[in-house]
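This is target-v9.cif. It holds mmCIF, C-alpha atoms.
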data_start
#
loop_
_atom_site.group_PDB
_atom_site.id
_atom_site.type_symbol
_atom_site.label_atom_id
_atom_site.label_comp_id
_atom_site.auth_asym_id
_atom_site.auth_seq_id
_atom_site.Cartn_x
_atom_site.Cartn_y
_atom_site.Cartn_z
ATOM 1 C CA GLN A 1 -10.109 -8.535 5.054
ATOM 2 C CA VAL A 2 -7.029 -7.114 6.749
ATOM 3 C CA HIS A 3 -3.967 -5.618 5.076
ATOM 4 C CA LEU A 4 -0.542 -5.203 6.640
ATOM 5 C CA ILE A 5 2.275 -3.061 5.269
ATOM 6 C CA GLU A 6 5.720 -3.065 6.858
ATOM 7 C CA SER A 7 8.187 -0.199 6.674
ATOM 8 C CA GLY A 8 11.405 0.939 8.316
ATOM 9 C CA GLY A 9 13.756 -1.794 7.214
ATOM 10 C CA GLY A 10 17.140 -1.290 5.612
ATOM 11 C CA THR A 11 20.843 -1.898 5.965
ATOM 12 C CA VAL A 12 22.647 -0.851 9.125
ATOM 13 C CA GLN A 13 25.888 -1.597 10.894
ATOM 14 C CA ALA A 14 26.111 -3.815 13.927
ATOM 15 C CA GLY A 15 25.134 -1.971 17.081
ATOM 16 C CA ALA A 16 22.669 0.321 15.343
ATOM 17 C CA SER A 17 18.937 0.564 15.941
ATOM 18 C CA LEU A 18 15.935 0.313 13.654
ATOM 19 C CA ARG A 19 12.233 0.691 14.211
ATOM 20 C CA LEU A 20 9.932 -1.331 12.035
ATOM 21 C CA SER A 21 6.363 -0.211 11.544
ATOM 22 C CA CYS A 22 3.360 -2.244 10.478
ATOM 23 C CA ALA A 23 0.386 -0.248 9.243
ATOM 24 C CA ILE A 24 -2.836 -2.218 9.524
ATOM 25 C CA SER A 25 -5.942 -1.454 7.490
ATOM 26 C CA GLY A 26 -9.265 -3.049 6.805
ATOM 27 C CA ARG A 27 -11.222 -4.970 9.431
ATOM 28 C CA THR A 28 -8.958 -3.960 12.289
ATOM 29 C CA PHE A 29 -11.750 -4.262 14.859
ATOM 30 C CA SER A 30 -11.644 -8.027 14.377
ATOM 31 C CA LEU A 31 -8.024 -8.387 15.484
ATOM 32 C CA TYR A 32 -6.889 -9.403 18.945
ATOM 33 C CA SER A 33 -3.132 -9.785 18.564
ATOM 34 C CA MET A 34 -0.344 -8.644 16.282
ATOM 35 C CA GLY A 35 3.140 -10.014 15.946
ATOM 36 C CA TRP A 36 6.487 -9.923 14.244
ATOM 37 C CA PHE A 37 8.284 -12.885 12.743
ATOM 38 C CA ARG A 38 11.518 -13.133 10.809
ATOM 39 C CA GLN A 39 13.055 -15.473 8.287
ATOM 40 C CA ALA A 40 16.763 -15.634 7.618
ATOM 41 C CA PRO A 41 18.087 -17.116 4.356
ATOM 42 C CA GLY A 42 17.754 -20.880 4.355
ATOM 43 C CA LYS A 43 15.928 -20.941 7.680
ATOM 44 C CA GLU A 44 12.361 -21.247 8.870
ATOM 45 C CA ARG A 45 10.226 -18.291 9.851
ATOM 46 C CA ASP A 46 10.695 -17.640 13.568
ATOM 47 C CA PHE A 47 8.611 -15.817 16.138
ATOM 48 C CA VAL A 48 10.048 -12.508 17.321
ATOM 49 C CA ALA A 49 7.366 -10.714 19.347
ATOM 50 C CA ARG A 50 3.621 -10.418 19.910
ATOM 51 C CA ILE A 51 1.294 -7.844 21.420
ATOM 52 C CA TRP A 52 -2.324 -8.314 22.423
ATOM 53 C CA LEU A 53 -5.133 -5.757 22.658
ATOM 54 C CA SER A 54 -4.527 -5.735 26.407
ATOM 55 C CA ASP A 55 -1.002 -4.497 25.574
ATOM 56 C CA GLN A 56 0.458 -7.623 27.098
ATOM 57 C CA THR A 57 3.549 -8.581 25.143
ATOM 58 C CA SER A 58 5.689 -11.599 24.498
ATOM 59 C CA VAL A 59 9.200 -11.408 23.060
ATOM 60 C CA ALA A 60 11.455 -14.250 21.970
ATOM 61 C CA ASP A 61 14.185 -15.048 24.466
ATOM 62 C CA SER A 62 16.848 -14.571 21.806
ATOM 63 C CA VAL A 63 16.020 -10.867 21.421
ATOM 64 C CA LYS A 64 14.120 -9.862 24.548
ATOM 65 C CA ASP A 65 16.912 -7.715 25.913
ATOM 66 C CA ARG A 66 17.163 -5.767 22.653
ATOM 67 C CA PHE A 67 13.750 -5.750 20.912
ATOM 68 C CA THR A 68 10.497 -4.166 22.058
ATOM 69 C CA ILE A 69 7.040 -4.445 20.522
ATOM 70 C CA SER A 70 4.448 -1.727 20.924
ATOM 71 C CA ARG A 71 1.352 -0.395 19.199
ATOM 72 C CA ASP A 72 -0.497 2.841 18.569
ATOM 73 C CA PRO A 73 -4.214 2.045 18.374
ATOM 74 C CA ALA A 74 -4.998 5.526 17.084
ATOM 75 C CA LYS A 75 -2.813 4.856 14.049
ATOM 76 C CA ASP A 76 -3.553 1.120 13.732
ATOM 77 C CA THR A 77 0.186 0.612 13.715
ATOM 78 C CA VAL A 78 2.435 -1.896 15.435
ATOM 79 C CA TYR A 79 6.119 -1.225 16.005
ATOM 80 C CA LEU A 80 9.204 -3.321 16.572
ATOM 81 C CA GLN A 81 12.034 -1.360 18.137
ATOM 82 C CA MET A 82 15.301 -3.157 17.525
ATOM 83 C CA ASN A 83 18.408 -2.027 19.392
ATOM 84 C CA ALA A 84 22.003 -3.221 19.411
ATOM 85 C CA LEU A 85 21.460 -5.051 16.133
ATOM 86 C CA LYS A 86 23.701 -7.978 15.301
ATOM 87 C CA PRO A 87 24.548 -9.586 11.949
ATOM 88 C CA GLU A 88 22.475 -12.591 13.005
ATOM 89 C CA ASP A 89 19.408 -10.343 13.080
ATOM 90 C CA THR A 90 19.626 -10.141 9.289
ATOM 91 C CA ALA A 91 16.357 -11.472 7.912
ATOM 92 C CA ILE A 92 13.103 -10.616 6.244
ATOM 93 C CA TYR A 93 10.763 -9.372 8.953
ATOM 94 C CA TYR A 94 7.052 -10.070 8.654
ATOM 95 C CA CYS A 95 4.154 -8.438 10.414
ATOM 96 C CA GLU A 96 1.308 -10.741 11.378
ATOM 97 C CA ALA A 97 -2.178 -10.164 12.756
ATOM 98 C CA VAL A 98 -4.624 -12.649 14.219
ATOM 99 C CA GLU A 99 -8.350 -12.272 14.029
ATOM 100 C CA TYR A 100 -10.922 -13.636 16.457
ATOM 101 C CA GLY A 101 -11.549 -17.077 15.050
ATOM 102 C CA SER A 102 -7.792 -17.512 14.457
ATOM 103 C CA GLN A 103 -7.603 -16.216 10.896
ATOM 104 C CA GLU A 104 -4.059 -14.997 10.291
ATOM 105 C CA TYR A 105 -2.911 -12.201 8.042
ATOM 106 C CA TRP A 106 0.632 -11.456 6.899
ATOM 107 C CA GLY A 107 2.477 -8.498 5.454
ATOM 108 C CA GLN A 108 4.728 -8.844 2.444
ATOM 109 C CA GLY A 109 7.864 -8.669 4.572
ATOM 110 C CA ILE A 110 10.697 -6.192 4.782
ATOM 111 C CA GLN A 111 14.431 -6.756 4.619
ATOM 112 C CA VAL A 112 16.694 -5.937 7.535
ATOM 113 C CA THR A 113 20.410 -6.360 6.899
ATOM 114 C CA VAL A 114 22.998 -5.870 9.622
ATOM 115 C CA SER A 115 26.602 -5.655 8.522
ATOM 116 C CA SER A 116 29.533 -6.422 10.795
#
Write the structure described by the file as structure tokens, please.
Amino acid sequence: QVHLIESGGGTVQAGASLRLSCAISGRTFSLYSMGWFRQAPGKERDFVARIWLSDQTSVADSVKDRFTISRDPAKDTVYLQMNALKPEDTAIYYCEAVEYGSQEYWGQGIQVTVSS
């Protein structure tokens, strides 16, 4: 079993920065990629960024000039650095981890609100 806990969300003004953290516990050795998704009110959950054990990353085109994903293996933590936030970035952000064999795990989500 794998457990994910997000932190670092909150309410900020447009143009500000936030760093989300995802602390991973449990069978972390079985994971090969971790990601961030977000879901705005009334919309589907969308991909934001992913990082693999090789440290290769993928970031959605809509945020790639502002968001960066990284990880600290020593802390079993994945980060999402979000800069120049816009009101349209307002959403619940979810951490996700994928195990060998394609089992997915999700965090409970954390609210990010960007006011104009």
Practice prompt. Name the residues that the PyMOL selection byres ((chain A and resi 104) around 12) pulls out of this structure, and write them as a ChimeraX atom specification.
Written response: /A:1-4,30-35,95-103,105-107
Practice prompt. Determine, counting all atoms listed in the file, which protein, DNA and RNA residues have an atom within 12 Å of an atom of segment 47-63 of chain A; residues of the same chain fewer than 4 positions away are not included. Present the result as a ChimeraX atom specification.
Written response: /A:28-40,67-73,76-86,88-89,91-100
Would you put the residues from that selection into a file with C-alpha atoms, as a CSV table (one decimal), in the coordinates of the input?
chain,number,residue,atom,x,y,z
A,28,THR,CA,-9.0,-4.0,12.3
A,29,PHE,CA,-11.8,-4.3,14.9
A,30,SER,CA,-11.6,-8.0,14.4
A,31,LEU,CA,-8.0,-8.4,15.5
A,32,TYR,CA,-6.9,-9.4,18.9
A,33,SER,CA,-3.1,-9.8,18.6
A,34,MET,CA,-0.3,-8.6,16.3
A,35,GLY,CA,3.1,-10.0,15.9
A,36,TRP,CA,6.5,-9.9,14.2
A,37,PHE,CA,8.3,-12.9,12.7
A,38,ARG,CA,11.5,-13.1,10.8
A,39,GLN,CA,13.1,-15.5,8.3
A,40,ALA,CA,16.8,-15.6,7.6
A,67,PHE,CA,13.8,-5.8,20.9
A,68,THR,CA,10.5,-4.2,22.1
A,69,ILE,CA,7.0,-4.4,20.5
A,70,SER,CA,4.4,-1.7,20.9
A,71,ARG,CA,1.4,-0.4,19.2
A,72,ASP,CA,-0.5,2.8,18.6
A,73,PRO,CA,-4.2,2.0,18.4
A,76,ASP,CA,-3.6,1.1,13.7
A,77,THR,CA,0.2,0.6,13.7
A,78,VAL,CA,2.4,-1.9,15.4
A,79,TYR,CA,6.1,-1.2,16.0
A,80,LEU,CA,9.2,-3.3,16.6
A,81,GLN,CA,12.0,-1.4,18.1
A,82,MET,CA,15.3,-3.2,17.5
A,83,ASN,CA,18.4,-2.0,19.4
A,84,ALA,CA,22.0,-3.2,19.4
A,85,LEU,CA,21.5,-5.1,16.1
A,86,LYS,CA,23.7,-8.0,15.3
A,88,GLU,CA,22.5,-12.6,13.0
A,89,ASP,CA,19.4,-10.3,13.1
A,91,ALA,CA,16.4,-11.5,7.9
A,92,ILE,CA,13.1,-10.6,6.2
A,93,TYR,CA,10.8,-9.4,9.0
A,94,TYR,CA,7.1,-10.1,8.7
A,95,CYS,CA,4.2,-8.4,10.4
A,96,GLU,CA,1.3,-10.7,11.4
A,97,ALA,CA,-2.2,-10.2,12.8
A,98,VAL,CA,-4.6,-12.6,14.2
A,99,GLU,CA,-8.4,-12.3,14.0
A,100,TYR,CA,-10.9,-13.6,16.5
Discussion item. What's the separation between atom CA of Ala23 of chain A and atom CA of Lys75 of chain A, in Å to one decimal place?
Written reply: 7.7 Å
Practice prompt. To verify the selection step, state as a ChimeraX atom specification which residues the PyMOL selection byres ((chain A and resi 10) around 6) yields on this input.
Written response: /A:9,11,112
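Reported to one decimal place, the separation of atom CA of Ser116 of chain A from atom CA of Ile5 of chain A is 28.0 Å.
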Worksheet item: For the atom pair atom CA of Gly15 of chain A and atom CA of Ser115 of chain A, what is the interatomic distance in Å to one decimal place?
Response: 9.4 Å
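Counting all atoms listed in the file, the residue from A:Ala74, A:Thr90, A:Lys43, A:Gln111 that sits nearest to Ile24 of chain A is A:Ala74.
Close to (5.2, -2.3, 5.4), meaning no more than 6 Å away when counting all atoms listed in the file, sit the residues Ile5, Glu6, Ser7 and Cys22 of chain A.
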Limited to C-alpha atoms, could you put the picked residues into a file as a short mmCIF file (atom, residue, chain, number, x, y, z; two decimals), keeping the file's coordinate frame?
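Produced file result_28.cif, reproduced below:
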data_model
loop_
_atom_site.label_atom_id
_atom_site.label_comp_id
_atom_site.auth_asym_id
_atom_site.auth_seq_id
_atom_site.Cartn_x
_atom_site.Cartn_y
_atom_site.Cartn_z
CA ILE A 5 2.28 -3.06 5.27
CA GLU A 6 5.72 -3.06 6.86
CA SER A 7 8.19 -0.20 6.67
CA CYS A 22 3.36 -2.24 10.48
#
